[in-house]
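Undergrad: Okay, here's the structure, questions in a sec.
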Amino acid sequence: TKLMQNNLAPIPELYVSYDSAQKLKVEAAELKSHDLSPRQICDLELLMNGGFNPLKGFLNEEDYNSVVDTMRLADGTLWPMPITLDVSEDFAASLEIGEDIALRDQEGVILGTMTVTDRWEPNKSHEAEKVFGADDDAHPAVNYLHNTAGKIYLGGPVTGIQQPVHYDFRGRRDTPNELRAYFRKLGWRRIVAFQTRNPLHRAHQELTFRAAREAQANLLIHPVVGMTKPGDVDHFTRVRCYEAVLDKYPAATTSMSLLNLAMRMAGPREAVWHGLIRKNHGCTHFIVGRDHAGPGKNSAGEDFYGAYDAQDLFREHQEEIGIEMVDFKHMVYVQERAQYEPNDEIEDRDNVTILNISGTELRRRLAEGLEIPEWFSFPEVVNELRKTKPPRSKQGFTVFFTGFSGSGKSTIANALMVKLMEMGGRPVTLLDGDIVRKNLSSELGFSKEHRDLNIRRIGYVASEITKNGGIAICAPIAPYATTRRAVREDVEQFGAFLEVHVATSIEECERRDRKGLYKLAREGKIKEFTGISDPYDVPTDPELRVETENVDVDNCAHQVLLKLENMGLIAG
Ligand code: PPS
């Protein structure tokens with residue numbers, strides 16, 4: 001094959017000149033505006049700066065249909081990913097076709113305008129099947145499509161006013177034209193890009209070294225700092241890790257730049273998309289490894305895509321993408337030779353020890369504070385990861401009691417709090433039903449809407465406490481399963497969530513009637529009383545269920561402690 005070299009001429013952007021932008025910004029303040037979601041901000045940035053070249057705006061209906069069905073724009077140009085502006089039905093209905101709208105970031109800053117040429121209701125299931133391979137919510141992008149994205153799509157050309165503002169790692173972010181200029185300045189004509197959403201360990205370094213050698217090219221480490229797979233290591237931590245690893249590369253031939261891309265985890269289609277984006281950023285080669293941009297398992301527990309599907313689709317289109325693939329099999333460590341080798345090229349396989357630590361195993365070791373060997377990663381990287389993810393026994397968590405009024409939630413919660421304070425190490429906050437209703441929710445009553453608000457507030461506070469390394473103990477009735485699930489999701493972003501069903505029967509609660517409320521409820525003097533005149537969804541899958549009849553409080557609290565120990569949340 002011919003040695004590919006890049007033409008590093010600037011590529012078209014959608015920005016107007018500085019002076020026009022000042023003027024347009026004033027005019028755009030009069031337009032109807034759309035507040036962009038975090039994902040749309042990422043998409044808009046790459047539309048405006050040429051990262052998504054040749055797109056000139058969010059896809060219109062014809063291009064959208066064509067991209068979904070054929071991976072091509074209506075004019076035949078290869079483009080695998082629908083870049084769409086999803087909005088609410090109400091906003092869509094308020095617009096005239098041909099109208100200009102202002103596109104604002106989450107603080108209200110106008111980043112650009114769009115002329116709305118198209119408005120349609122997409123068939124999301126069809127989009128899911130075609131683009132992501134399955135209409136299955138276990139796929140993060142399909143989940144986003146159905147549960148986060150608006151119902152209506154708007155399409156039309158975009159006029160760029162200003163780049164989205166970033167306060168972090170500003171010096172490490174480059175537009176395609178900035179990278180092109182940088183490569184021109186250094187005289188780099190062959191550049192191999194490495195896409196990543198994970199911290200770099202030794203295997204990655206070896207892989208990138210080999211790729212650069214094979215392609216006889218300079219290396220661009222090009223990590224995604226926009227949106228990646230939910231649950232990934234946050235980009236702040238990752239960039240600190242990358243910076244540490246960068247010192248171990250030869251500075252003359254390696255560079256790093258951050259890419260504000262919102263990934264879709266679309267495997268093969270995503271690989272092609274990544275290739276086109278890197279081509280726009282001035283690269284000549286692109287590394288595609290095993291399971292590129294893989295979304296994990298589907299709801300049947302199987303992989304969405306084959307491990308090398310992305311490489312196959314890329315190879316098929318590489319001529320058109322205009323960038324050469326450097327493909328890699330899985331890299332593993334061969335102990336006897338003290339080096340990394342591609343898993344499919346290992347000589348004398350039966351007589352050597354092959355070592356590998358999977359992502360799951362790494363997370364387990366971090367969570368349990370176990371050793372991470374030097375052959376696997378760099379001490380600086382492990383150190384950063386440990387700072388962000390201390391072992392579970394040092395992380396915050398939430399214990400969420402639920403049950404009828406008078407079931408004993410508060411009493412057990414109090415006992416648990418005291419026991420945890422005796423142990424020390426982490427601050428403990430009790431968010432008891434009564435405390436919360438006094439301090440956070442004093443204006444609320446007991447309608448479904450108000451109860452939900454009350455519980456969501458508790459969830460918000462608990463998630464903040466968890467994030468900051470404390471222990472939140474919540475003890476509301478929390479009668480609705482969907483609301484409890486929402487709280488779980490809020491908390492689990494930051495730490496463990498332990499749902500404890502205090503399973504005292506309604507008959508027993510009424511018999512005890514500590515506060516005399518059941519009597520009043522029976523007499524109709526208190527309306528919407530849980531268990532009497534209002535529903536309670538019994539938890540189907542709590543981490544723990546405690547019976548309180550004939551069991552003393554101390555024992556109930558102790559059961560919770562045992563469970564916490566069992567989950568690795570308190571050191572044994
Ligand atoms: S909820 O549903 O989770 O928002 O309820 P919560 O904040 O835990 O508040 C429950 C306490 O308020 C008293 N109370 C009622 N409970 C249920 N239904 C009605 N209609 C009601 N009216 C007042 C009751 O004492 C609950 O206290 P606990 O601590 O659960 O016994």
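Scheme for the structure tokens: letters A, B, ... for chains in order shown; per-chain residue numbers from 1; ligand numbers from 1 in order shown.
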Let me have all residues with an atom within 9 Å of ligand 1, counting only C-alpha atoms and all ligand atoms, laid out as a VMD selection string.
TA: chain A and resid 402 to 410 432 to 437 441 444 to 448 450 to 455 475 to 480 514 to 515 517 521 526 to 534 536
Undergrad: Please run DSSP on the backbone and report, as an MDAnalysis selection string, all residues within region 397-511 of chain A that come out as alpha helix (DSSP H).
TA: chainID A and resid 409:423 433:439 448:467 481:492 506:511
Undergrad: Calculated over only C-alpha atoms, which of the candidates A:Trp273, A:Tyr333, A:Phe209, A:Phe397 has the smallest distance to Glu374 (chain A)?
TA: A:Tyr333
Undergrad: As a list of chain:residue names, please: every residue in region 303-415 of chain A that DSSP puts in strand (DSSP E or B).
TA: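 Everything in region 303-415 of chain A that counts as strand (DSSP E or B) is A:Asp303, A:Glu324, A:Met325, A:Val326, A:Asp327, A:Met331, A:Val332, A:Tyr333, A:Val334, A:Gln339, A:Tyr340, A:Glu341, A:Pro342, A:Ile354, A:Leu355, A:Phe397, A:Thr398, A:Val399, A:Phe400, A:Phe401, A:Thr402.
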Undergrad: Please list as a PyMOL selection string every residue within 9 Å of Asn414 (chain A), counting only C-alpha atoms and excluding residues in the same chain fewer than 6 positions away.
TA: chain A and resi 430+432+473+557
Undergrad: Could those residues be written to a file, using all heavy atoms, as a short mmCIF file (atom, residue, chain, number, x, y, z; two decimals), in the first residue's frame?
TA:
data_model
loop_
_atom_site.label_atom_id
_atom_site.label_comp_id
_atom_site.auth_asym_id
_atom_site.auth_seq_id
_atom_site.Cartn_x
_atom_site.Cartn_y
_atom_site.Cartn_z
N LEU A 430 -28.33 11.04 59.68
CA LEU A 430 -29.62 10.35 59.70
C LEU A 430 -30.68 11.24 59.06
O LEU A 430 -30.90 12.37 59.50
CB LEU A 430 -29.99 10.02 61.16
CG LEU A 430 -31.33 9.32 61.35
CD1 LEU A 430 -31.39 7.99 60.62
CD2 LEU A 430 -31.60 9.09 62.84
N ASP A 432 -34.12 10.85 58.86
CA ASP A 432 -35.34 10.20 59.30
C ASP A 432 -36.54 10.93 58.69
O ASP A 432 -36.45 12.12 58.38
CB ASP A 432 -35.38 10.29 60.83
CG ASP A 432 -36.41 9.33 61.40
OD1 ASP A 432 -36.95 8.52 60.62
OD2 ASP A 432 -36.66 9.40 62.61
N ILE A 473 -28.12 7.62 56.34
CA ILE A 473 -29.13 6.63 56.73
C ILE A 473 -30.48 7.30 56.55
O ILE A 473 -30.76 8.33 57.17
CB ILE A 473 -28.96 6.21 58.21
CG1 ILE A 473 -27.54 5.68 58.44
CG2 ILE A 473 -29.99 5.15 58.57
CD1 ILE A 473 -27.27 5.32 59.90
N ALA A 557 -30.57 -3.91 63.96
CA ALA A 557 -29.47 -3.03 63.54
C ALA A 557 -28.23 -3.86 63.25
O ALA A 557 -27.48 -3.57 62.31
CB ALA A 557 -29.19 -2.00 64.62
#
Undergrad: From the options A:Leu179, A:Ile471, A:Val131, A:Cys241, which residue's atoms come nearest to Ala9 (chain A), counting only C-alpha atoms?
TA: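 Among A:Leu179, A:Ile471, A:Val131, A:Cys241, it is A:Leu179 that comes nearest to Ala9 (chain A).
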Undergrad: Rank A:Lys297, A:His201, A:Lys56, A:His330 by their smallest atom-to-atom distance to Ala138 (chain A), using only C-alpha atoms, and report the top residue only.
TA: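 Once distances to Ala138 (chain A) are computed over only C-alpha atoms, the minimum belongs to A:Lys297.
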Undergrad: Using only C-alpha atoms, which residue out of A:Val399, A:Gly231, A:Ile83, A:Val116 lies closest to Glu96 (chain A)?
TA: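 Comparing A:Val399, A:Gly231, A:Ile83, A:Val116 against Glu96 (chain A), the winner is A:Val116.
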Undergrad: Any idea what's packed within 9 Å of region 60-70 of chain A, counting only C-alpha atoms, ignoring anything in its chain fewer than 3 positions away? Could you give it as a list in words?
TA: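 The residues satisfying every condition are Gly57, Leu73, Ala74, Asp75, Gly76, Leu78, Trp79, Pro80, Met81, Pro82, Ile83, Thr84, Val116, Thr117, Asp118, Arg119, Trp120, Pro122, His126, Glu127, Ala128, Lys130, Val131, Tyr153, Leu154, Gly155, Gly156 and Pro157 of chain A.
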Undergrad: Between A:Val225, A:Leu46, A:Val551, A:Leu8, which has the minimum distance to Asp168 (chain A) (counting only C-alpha atoms)?
TA: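 Residue with the minimum atom-to-atom distance to Asp168 (chain A): A:Val225.
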Undergrad: Which residue out of A:Val502, A:Cys474, A:Ile221, A:Ile570 has the minimum interatomic distance to Pro391 (chain A) when only C-alpha atoms are used?
TA: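 Of all the options, A:Ile570 lies closest to Pro391 (chain A).
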Undergrad: Pick out the residues sitting within 8 Å of Ala92 (chain A), and hand them over as a list of chain:residue names; count only C-alpha atoms, and ignore anything fewer than 2 positions along from it in its own chain.
TA: A:Val87, A:Ser88, A:Glu89, A:Asp90, A:Ser94, A:Leu95, A:Arg119, A:Ile152, A:Leu154
Undergrad: Just the residues within 12 Å of Arg170 (chain A), please, counting only C-alpha atoms, with nothing from its chain fewer than 6 positions along; format it as a PyMOL selection string.
TA: chain A and resi 164+225+239+257-260
Undergrad: Take the residues that were just selected and, keeping N, CA and C atoms, output them as a PDB file, in the first residue's frame.
TA:
ATOM      1  N   PRO A 164     -18.236  25.945  22.861  1.00  0.00           N
ATOM      2  CA  PRO A 164     -18.673  25.710  24.235  1.00  0.00           C
ATOM      3  C   PRO A 164     -17.514  26.015  25.197  1.00  0.00           C
ATOM      4  N   VAL A 225     -13.271  12.984  26.206  1.00  0.00           N
ATOM      5  CA  VAL A 225     -13.613  13.581  27.499  1.00  0.00           C
ATOM      6  C   VAL A 225     -15.048  14.120  27.507  1.00  0.00           C
ATOM      7  N   VAL A 239      -7.677  12.104  32.752  1.00  0.00           N
ATOM      8  CA  VAL A 239      -6.697  13.014  32.161  1.00  0.00           C
ATOM      9  C   VAL A 239      -5.464  13.111  33.066  1.00  0.00           C
ATOM     10  N   SER A 257      -4.202  14.983  22.907  1.00  0.00           N
ATOM     11  CA  SER A 257      -5.207  16.028  22.798  1.00  0.00           C
ATOM     12  C   SER A 257      -6.537  15.441  23.256  1.00  0.00           C
ATOM     13  N   LEU A 258      -7.371  16.268  23.874  1.00  0.00           N
ATOM     14  CA  LEU A 258      -8.644  15.765  24.405  1.00  0.00           C
ATOM     15  C   LEU A 258      -9.770  16.035  23.414  1.00  0.00           C
ATOM     16  N   LEU A 259     -10.642  15.067  23.259  1.00  0.00           N
ATOM     17  CA  LEU A 259     -11.719  15.161  22.280  1.00  0.00           C
ATOM     18  C   LEU A 259     -13.065  15.193  23.005  1.00  0.00           C
ATOM     19  N   ASN A 260     -13.804  16.285  22.794  1.00  0.00           N
ATOM     20  CA  ASN A 260     -15.087  16.423  23.489  1.00  0.00           C
ATOM     21  C   ASN A 260     -16.213  15.749  22.696  1.00  0.00           C
TER      22      ASN A 260
END
Undergrad: To one decimal in Å, tell me the separation between CA of Thr254 (chain A) and CA of Arg172 (chain A).
TA: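 Rounded to one decimal, the two atoms are 13.6 Å apart.
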Undergrad: Report, in Å with one decimal, the straight-line distance from CA of Lys389 (chain A) to CA of Phe236 (chain A).
TA: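 CA of Phe236 (chain A) lies 12.7 Å from CA of Lys389 (chain A).
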Undergrad: Contacts of Asn198 (chain A) at 9 Å or less, counting only C-alpha atoms, minus same-chain residues fewer than 4 places along, as a PyMOL selection string?
TA: chain A and resi 223-224+232-233+235+238
